[in-house]
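Trainee: Sending over query.pdb (PDB, C-alpha atoms).
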ATOM      1  CA  MET A 190     -16.035 -25.112 -48.637
ATOM      2  CA  SER A 191     -13.738 -27.648 -47.013
ATOM      3  CA  SER A 192     -13.576 -28.097 -43.286
ATOM      4  CA  LYS A 193      -9.960 -26.884 -43.383
ATOM      5  CA  GLN A 194     -11.036 -23.641 -45.031
ATOM      6  CA  SER A 195     -13.877 -23.046 -42.599
ATOM      7  CA  THR A 196     -11.546 -23.627 -39.651
ATOM      8  CA  SER A 197      -8.894 -21.197 -40.831
ATOM      9  CA  ALA A 198     -11.153 -18.393 -42.014
ATOM     10  CA  PRO A 199     -12.479 -16.054 -39.296
ATOM     11  CA  SER A 200     -16.229 -15.749 -39.078
ATOM     12  CA  ALA A 201     -17.892 -12.495 -40.055
ATOM     13  CA  SER A 202     -18.961 -11.924 -36.459
ATOM     14  CA  THR A 203     -15.430 -12.522 -35.148
ATOM     15  CA  ALA A 204     -13.907 -10.225 -37.755
ATOM     16  CA  GLY A 205     -16.553  -7.598 -37.071
ATOM     17  CA  GLY A 206     -15.943  -7.824 -33.339
ATOM     18  CA  GLY A 207     -12.214  -7.350 -33.863
ATOM     19  CA  LEU A 208     -12.824  -4.328 -36.081
ATOM     20  CA  ARG A 209     -15.170  -2.773 -33.531
ATOM     21  CA  GLU A 210     -12.605  -3.240 -30.774
ATOM     22  CA  ARG A 211      -9.893  -1.637 -32.890
ATOM     23  CA  LYS A 212     -12.149   1.320 -33.677
ATOM     24  CA  LYS A 213     -12.998   1.733 -29.994
ATOM     25  CA  GLN A 214      -9.316   1.643 -29.097
ATOM     26  CA  ARG A 215      -8.511   4.254 -31.743
ATOM     27  CA  THR A 216     -11.287   6.509 -30.453
ATOM     28  CA  ARG A 217     -10.024   6.156 -26.887
ATOM     29  CA  GLN A 218      -6.468   6.959 -27.970
ATOM     30  CA  THR A 219      -7.646   9.960 -29.985
ATOM     31  CA  LEU A 220      -9.616  11.348 -27.044
ATOM     32  CA  ARG A 221      -6.620  10.972 -24.754
ATOM     33  CA  ARG A 222      -4.192  12.480 -27.288
ATOM     34  CA  GLU A 223      -6.397  15.513 -27.932
ATOM     35  CA  ALA A 224      -7.055  15.992 -24.228
ATOM     36  CA  TYR A 225      -3.365  16.101 -23.417
ATOM     37  CA  ARG A 226      -2.707  18.457 -26.304
ATOM     38  CA  LEU A 227      -5.361  20.832 -24.965
ATOM     39  CA  PHE A 228      -4.156  20.460 -21.365
ATOM     40  CA  ALA A 229      -0.645  21.423 -22.499
ATOM     41  CA  GLU A 230      -1.890  24.385 -24.546
ATOM     42  CA  GLN A 231      -4.463  25.956 -22.213
ATOM     43  CA  GLY A 232      -4.291  24.115 -18.885
ATOM     44  CA  TYR A 233      -6.320  21.325 -17.331
ATOM     45  CA  GLU A 234      -8.917  23.487 -15.583
ATOM     46  CA  ALA A 235      -9.582  25.604 -18.679
ATOM     47  CA  THR A 236     -10.150  22.574 -20.888
ATOM     48  CA  THR A 237     -13.707  21.291 -21.082
ATOM     49  CA  VAL A 238     -15.074  17.902 -22.067
ATOM     50  CA  ASP A 239     -16.857  19.572 -24.990
ATOM     51  CA  GLN A 240     -13.530  20.929 -26.259
ATOM     52  CA  ILE A 241     -11.887  17.520 -26.005
ATOM     53  CA  ALA A 242     -14.772  15.842 -27.795
ATOM     54  CA  GLU A 243     -14.786  18.464 -30.538
ATOM     55  CA  ALA A 244     -11.029  18.103 -31.069
ATOM     56  CA  ALA A 245     -11.439  14.325 -31.320
ATOM     57  CA  GLU A 246     -14.403  14.792 -33.712
ATOM     58  CA  VAL A 247     -16.862  12.945 -31.495
ATOM     59  CA  SER A 248     -19.797  14.007 -29.329
ATOM     60  CA  ALA A 249     -19.603  14.721 -25.619
ATOM     61  CA  SER A 250     -21.809  11.673 -25.021
ATOM     62  CA  THR A 251     -19.224   9.555 -26.844
ATOM     63  CA  PHE A 252     -16.521  10.957 -24.553
ATOM     64  CA  PHE A 253     -18.482   9.779 -21.515
ATOM     65  CA  ARG A 254     -18.802   6.283 -22.984
ATOM     66  CA  TYR A 255     -15.010   6.018 -22.753
ATOM     67  CA  PHE A 256     -14.258   8.131 -19.668
ATOM     68  CA  PRO A 257     -16.753   8.716 -16.825
ATOM     69  CA  ALA A 258     -15.318  12.174 -16.060
ATOM     70  CA  LYS A 259     -12.614  14.551 -17.266
ATOM     71  CA  GLU A 260     -10.214  13.498 -14.516
ATOM     72  CA  ALA A 261     -10.487   9.865 -15.657
ATOM     73  CA  ILE A 262      -8.599  10.723 -18.829
ATOM     74  CA  VAL A 263      -5.618  11.555 -16.607
ATOM     75  CA  LEU A 264      -5.977   8.657 -14.180
ATOM     76  CA  ASP A 265      -7.074   5.757 -16.403
ATOM     77  CA  ASP A 266      -4.336   3.888 -18.219
ATOM     78  CA  GLU A 267      -3.368   0.435 -19.414
ATOM     79  CA  TYR A 268      -0.327  -0.015 -17.185
ATOM     80  CA  ASP A 269      -1.937  -2.119 -14.428
ATOM     81  CA  PRO A 270      -3.297  -4.764 -16.861
ATOM     82  CA  MET A 271       0.046  -4.752 -18.691
ATOM     83  CA  LEU A 272       1.902  -5.238 -15.411
ATOM     84  CA  VAL A 273      -0.358  -8.130 -14.387
ATOM     85  CA  GLU A 274       0.172  -9.805 -17.751
ATOM     86  CA  ALA A 275       3.945  -9.315 -17.560
ATOM     87  CA  LEU A 276       4.112 -10.687 -14.013
ATOM     88  CA  ARG A 277       2.074 -13.759 -14.898
ATOM     89  CA  ALA A 278       4.609 -14.499 -17.622
ATOM     90  CA  ARG A 279       7.426 -14.668 -15.025
ATOM     91  CA  PRO A 280       8.321 -17.839 -13.055
ATOM     92  CA  ALA A 281       5.826 -18.359 -10.238
ATOM     93  CA  ASP A 282       8.569 -19.021  -7.662
ATOM     94  CA  GLU A 283      10.473 -15.824  -8.500
ATOM     95  CA  PRO A 284      10.374 -13.071  -5.825
ATOM     96  CA  VAL A 285       7.693 -10.595  -6.817
ATOM     97  CA  ILE A 286      10.022  -7.580  -6.772
ATOM     98  CA  THR A 287      12.424  -9.407  -9.070
ATOM     99  CA  SER A 288       9.510 -10.143 -11.402
ATOM    100  CA  ILE A 289       8.394  -6.497 -11.375
ATOM    101  CA  ARG A 290      11.944  -5.314 -12.087
ATOM    102  CA  HIS A 291      12.137  -7.674 -15.067
ATOM    103  CA  ALA A 292       8.718  -6.504 -16.260
ATOM    104  CA  LEU A 293       9.810  -2.871 -16.094
ATOM    105  CA  THR A 294      13.151  -3.340 -17.822
ATOM    106  CA  ASP A 295      12.051  -5.991 -20.341
ATOM    107  CA  THR A 296       8.485  -4.928 -21.131
ATOM    108  CA  PHE A 297       7.848  -1.360 -20.003
ATOM    109  CA  SER A 298      11.120   0.418 -20.691
ATOM    110  CA  LEU A 299      10.391   1.371 -24.309
ATOM    111  CA  GLN A 300       6.724   2.116 -23.541
ATOM    112  CA  LEU A 301       7.615   4.464 -20.695
ATOM    113  CA  ALA A 302      10.133   6.265 -22.901
ATOM    114  CA  ALA A 303       7.578   6.618 -25.719
ATOM    115  CA  ASP A 304       4.940   7.953 -23.282
ATOM    116  CA  LYS A 305       7.343  10.338 -21.521
ATOM    117  CA  ASP A 306       5.598  13.637 -22.370
ATOM    118  CA  GLU A 307       2.162  12.274 -21.497
ATOM    119  CA  LEU A 308       3.413  10.688 -18.278
ATOM    120  CA  LEU A 309       5.133  13.910 -17.246
ATOM    121  CA  LEU A 310       1.968  15.947 -17.775
ATOM    122  CA  ARG A 311      -0.110  13.367 -15.912
ATOM    123  CA  ALA A 312       2.359  13.321 -13.020
ATOM    124  CA  ARG A 313       2.357  17.108 -12.753
ATOM    125  CA  LEU A 314      -1.435  17.213 -12.755
ATOM    126  CA  SER A 315      -1.549  14.519 -10.071
ATOM    127  CA  LEU A 316       0.818  16.562  -7.927
ATOM    128  CA  ASN A 317      -0.605  20.046  -8.506
ATOM    129  CA  ASP A 318      -4.322  19.817  -9.287
ATOM    130  CA  PRO A 319      -6.424  19.291  -6.114
ATOM    131  CA  VAL A 320      -9.134  17.235  -7.855
ATOM    132  CA  ILE A 321      -6.642  15.019  -9.688
ATOM    133  CA  ARG A 322      -4.497  14.673  -6.561
ATOM    134  CA  ALA A 323      -7.473  13.423  -4.531
ATOM    135  CA  CYS A 324      -8.547  10.996  -7.255
ATOM    136  CA  SER A 325      -4.948   9.856  -7.658
ATOM    137  CA  MET A 326      -4.953   8.529  -4.102
ATOM    138  CA  ASP A 327      -7.943   6.340  -4.928
ATOM    139  CA  ASP A 328      -6.160   5.210  -8.078
ATOM    140  CA  GLN A 329      -3.080   4.226  -6.057
ATOM    141  CA  LEU A 330      -5.255   2.151  -3.726
ATOM    142  CA  ARG A 331      -6.743   0.329  -6.717
ATOM    143  CA  SER A 332      -3.248  -0.378  -8.049
ATOM    144  CA  GLN A 333      -2.243  -1.607  -4.601
ATOM    145  CA  ASP A 334      -5.208  -4.008  -4.528
ATOM    146  CA  THR A 335      -4.347  -5.269  -8.013
ATOM    147  CA  ILE A 336      -0.729  -5.978  -7.068
ATOM    148  CA  ALA A 337      -1.737  -7.495  -3.717
ATOM    149  CA  ALA A 338      -4.137  -9.888  -5.450
ATOM    150  CA  LEU A 339      -1.375 -10.973  -7.806
ATOM    151  CA  ILE A 340       1.131 -11.450  -4.963
ATOM    152  CA  ALA A 341      -1.424 -13.544  -3.078
ATOM    153  CA  GLU A 342      -2.148 -15.572  -6.202
ATOM    154  CA  ARG A 343       1.543 -16.290  -6.814
ATOM    155  CA  ALA A 344       2.238 -17.138  -3.175
ATOM    156  CA  GLY A 345      -0.891 -19.229  -2.637
ATOM    157  CA  LEU A 346      -2.195 -16.824   0.002
ATOM    158  CA  ASP A 347      -5.712 -15.651   0.766
ATOM    159  CA  PRO A 348      -6.645 -12.547  -1.299
ATOM    160  CA  ASP A 349      -6.957 -10.465   1.889
ATOM    161  CA  ASP A 350      -3.645 -11.644   3.372
ATOM    162  CA  LEU A 351      -1.952  -8.739   5.170
ATOM    163  CA  ASP A 352       1.556  -9.717   4.048
ATOM    164  CA  ALA A 353       0.464  -9.491   0.409
ATOM    165  CA  HIS A 354      -1.221  -6.126   0.928
ATOM    166  CA  ALA A 355       1.690  -4.679   2.920
ATOM    167  CA  ALA A 356       4.138  -5.777   0.206
ATOM    168  CA  ALA A 357       1.916  -4.240  -2.473
ATOM    169  CA  ALA A 358       1.660  -0.997  -0.482
ATOM    170  CA  ALA A 359       5.449  -0.781  -0.283
ATOM    171  CA  ILE A 360       5.804  -1.355  -4.027
ATOM    172  CA  VAL A 361       3.165   1.238  -4.906
ATOM    173  CA  ALA A 362       4.796   3.728  -2.522
ATOM    174  CA  VAL A 363       8.088   3.257  -4.364
ATOM    175  CA  PHE A 364       6.335   3.857  -7.694
ATOM    176  CA  ALA A 365       4.732   7.055  -6.354
ATOM    177  CA  ALA A 366       7.994   8.381  -4.898
ATOM    178  CA  VAL A 367       9.915   7.698  -8.109
ATOM    179  CA  VAL A 368       7.304   9.398 -10.306
ATOM    180  CA  ARG A 369       7.146  12.441  -8.027
ATOM    181  CA  HIS A 370      10.941  12.810  -7.932
ATOM    182  CA  TRP A 371      11.134  12.354 -11.715
ATOM    183  CA  ALA A 372       8.331  14.852 -12.435
ATOM    184  CA  GLU A 373       9.696  17.514 -10.080
ATOM    185  CA  ARG A 374      12.949  17.413 -12.061
ATOM    186  CA  GLY A 375      11.302  17.853 -15.428
ATOM    187  CA  GLY A 376      11.355  14.203 -16.440
ATOM    188  CA  GLU A 377      15.134  13.911 -16.428
ATOM    189  CA  GLY A 378      16.622  10.439 -16.706
ATOM    190  CA  ASP A 379      15.331   6.990 -17.535
ATOM    191  CA  LEU A 380      12.119   6.353 -15.591
ATOM    192  CA  ALA A 381      12.320   2.565 -15.894
ATOM    193  CA  ALA A 382      15.907   2.625 -14.595
ATOM    194  CA  ARG A 383      14.794   4.732 -11.616
ATOM    195  CA  PHE A 384      12.033   2.234 -10.807
ATOM    196  CA  ASP A 385      14.528  -0.614 -11.106
ATOM    197  CA  ARG A 386      17.042   0.976  -8.731
ATOM    198  CA  GLN A 387      14.528   1.844  -6.032
ATOM    199  CA  LEU A 388      12.820  -1.549  -6.201
ATOM    200  CA  GLY A 389      16.267  -3.096  -5.866
ATOM    201  CA  LEU A 390      16.843  -1.089  -2.700
ATOM    202  CA  LEU A 391      13.451  -2.195  -1.372
ATOM    203  CA  ALA A 392      14.265  -5.848  -2.112
ATOM    204  CA  ALA A 393      17.597  -5.453  -0.292
ATOM    205  CA  GLY A 394      15.853  -4.200   2.829
ATOM    206  CA  LEU A 395      16.567  -0.509   2.193
ATOM    207  CA  ARG A 396      20.216  -0.871   3.149
ATOM    208  CA  ILE A 397      21.508   2.409   1.666
TER     209      ILE A 397
END
Would you mind writing the structure in this file as structure tokens?
Mentor:
Amino acid sequence: MSSKQSTSAPSASTAGGGLRERKKQRTRQTLRREAYRLFAEQGYEATTVDQIAEAAEVSASTFFRYFPAKEAIVLDDEYDPMLVEALRARPADEPVITSIRHALTDTFSLQLAADKDELLLRARLSLNDPVIRACSMDDQLRSQDTIAALIAERAGLDPDDLDAHAAAAAIVAVFAAVVRHWAERGGEGDLAARFDRQLGLLAAGLRI
């Protein structure tokens, strides 16, 4: 085999690793899809981990390899990593709110529309279920830390800089207020457009 061929062909271990990752992702997506179907049909509290695992055709132990608890299936998502990736693709000297607005309208708009039913159910659970509501506060703090770290990175600040953390707290508060308003009205309107408008108001110094 020529050196050109060996360079272009993926190794068996690389190909196998990629296949394993795809299978894991499919299993995770299946668990989440079946969980939300059951939540919608019979309610969050009435749905057990065993029922979710059975619907996804896996064992309960497999469920716990992907989600540490039932509430994690509501709280865990891929949006924070996606947001970080989208922000890092923006110009480093661009104001962070401008970058987030571009990320939402350019990258997230179609995804948010496609995930509307799931997002609406998640939002309602976060508002109405005491366990999910308490865990949701911790989740918001983690998102705040993630955004603060990125703001500090872009601005050349220390990771614990108060300005970065206060800015991140304001941004996360806007996200939370928009989602609550949207969910309480049955998911009416374009969620990405709502984020964009409110972040614009924040960037303008809340002059409304």
Trainee: Taking 4 positions as the minimum chain separation for residues in the same chain, which residues sit within 8 Å of Ala292 of chain A when counting only C-alpha atoms? Answer as a PyMOL selection string.
Mentor: chain A and resi 272+275-276+288+296-297
Trainee: Which residues of segment 285-387 of chain A come within 12 Å of segment 216-237 of chain A, and for each one, what is the closest pair of atoms and their distance in Å to one decimal, counting all atoms listed in the file, sorted by chain and residue number, as a tab-separated table?
Mentor:
residue	atom	partner	partner_atom	distance
A:Asp304	CA	A:Arg222	CA	11.0
A:Asp306	CA	A:Tyr225	CA	9.4
A:Glu307	CA	A:Tyr225	CA	7.0
A:Leu308	CA	A:Tyr225	CA	10.1
A:Leu309	CA	A:Tyr225	CA	10.7
A:Leu310	CA	A:Ala229	CA	7.7
A:Arg311	CA	A:Tyr225	CA	8.6
A:Arg313	CA	A:Tyr233	CA	10.7
A:Leu314	CA	A:Tyr233	CA	7.9
A:Ser315	CA	A:Tyr233	CA	11.0
A:Asn317	CA	A:Tyr233	CA	10.6
A:Asp318	CA	A:Tyr233	CA	8.4
A:Pro319	CA	A:Glu234	CA	10.7
A:Val320	CA	A:Glu234	CA	9.9
A:Ile321	CA	A:Tyr233	CA	9.9
Trainee: I need the output of the PyMOL selection byres ((chain A and resi 381-394) around 8) for this file as a PyMOL selection string; which residues are they?
Mentor: chain A and resi 286+290+293-294+297-298+301+360+363-364+367+378-380+395-397
Trainee: Go through A:Leu316, A:Ala244, A:Leu330, A:Val273 one by one, measure the shortest atom-to-atom distance of each to Ala357 of chain A using all atoms listed in the file, and give the residue with the smallest value.
Mentor: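 Closest candidate: A:Leu330.
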Trainee: A:Leu264, A:Val368, A:Leu346, A:Ile336: which is nearest Ala323 of chain A, counting all atoms listed in the file?
Mentor: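 The shortest atom-to-atom distance to Ala323 of chain A comes from A:Leu264.
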Trainee: Rank A:Ala245, A:Pro284, A:Ala278, A:Ser325 by their smallest atom-to-atom distance to Ala312 of chain A, using all atoms listed in the file, and report the top residue only.
Mentor: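 Using all atoms listed in the file, Ala312 of chain A sits closest to A:Ser325.
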Trainee: Can you list, as a count of residues only, every protein, DNA or RNA residue that comes within 12 Å of Ala281 of chain A when you count only C-alpha atoms, leaving out same-chain residues fewer than 2 positions away?
Mentor: 17
Trainee: To one decimal place, how far is atom CA of Gln333 of chain A from atom CA of Leu351 of chain A in Å?
Mentor: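 Taking atom CA of Gln333 of chain A and atom CA of Leu351 of chain A, their separation equals 12.1 Å.
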Trainee: One decimal, Å: what's the distance from atom CA of Glu210 of chain A over to atom CA of Thr251 of chain A, could you say?
Mentor: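 According to the coordinates, atom CA of Glu210 of chain A and atom CA of Thr251 of chain A are separated by 14.9 Å.
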Trainee: Let me make sure I understand: among A:Ala303, A:Glu243, A:His291, A:Pro270, which one has the smallest atom-to-atom distance to Arg331 of chain A if we use all atoms listed in the file?
Mentor: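 The shortest atom-to-atom distance to Arg331 of chain A comes from A:Pro270.
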Trainee: Mind pulling up the distance from atom CA of Asp269 of chain A to atom CA of Val361 of chain A?
Mentor: 11.3 Å
Trainee: Between A:Gln300, A:Thr335, A:Gln329, A:Ser248, which one has atoms that come closest to Ala362 of chain A, using all atoms listed in the file?
Mentor: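 Looking at the shortest contact to Ala362 of chain A, the residue is A:Gln329.
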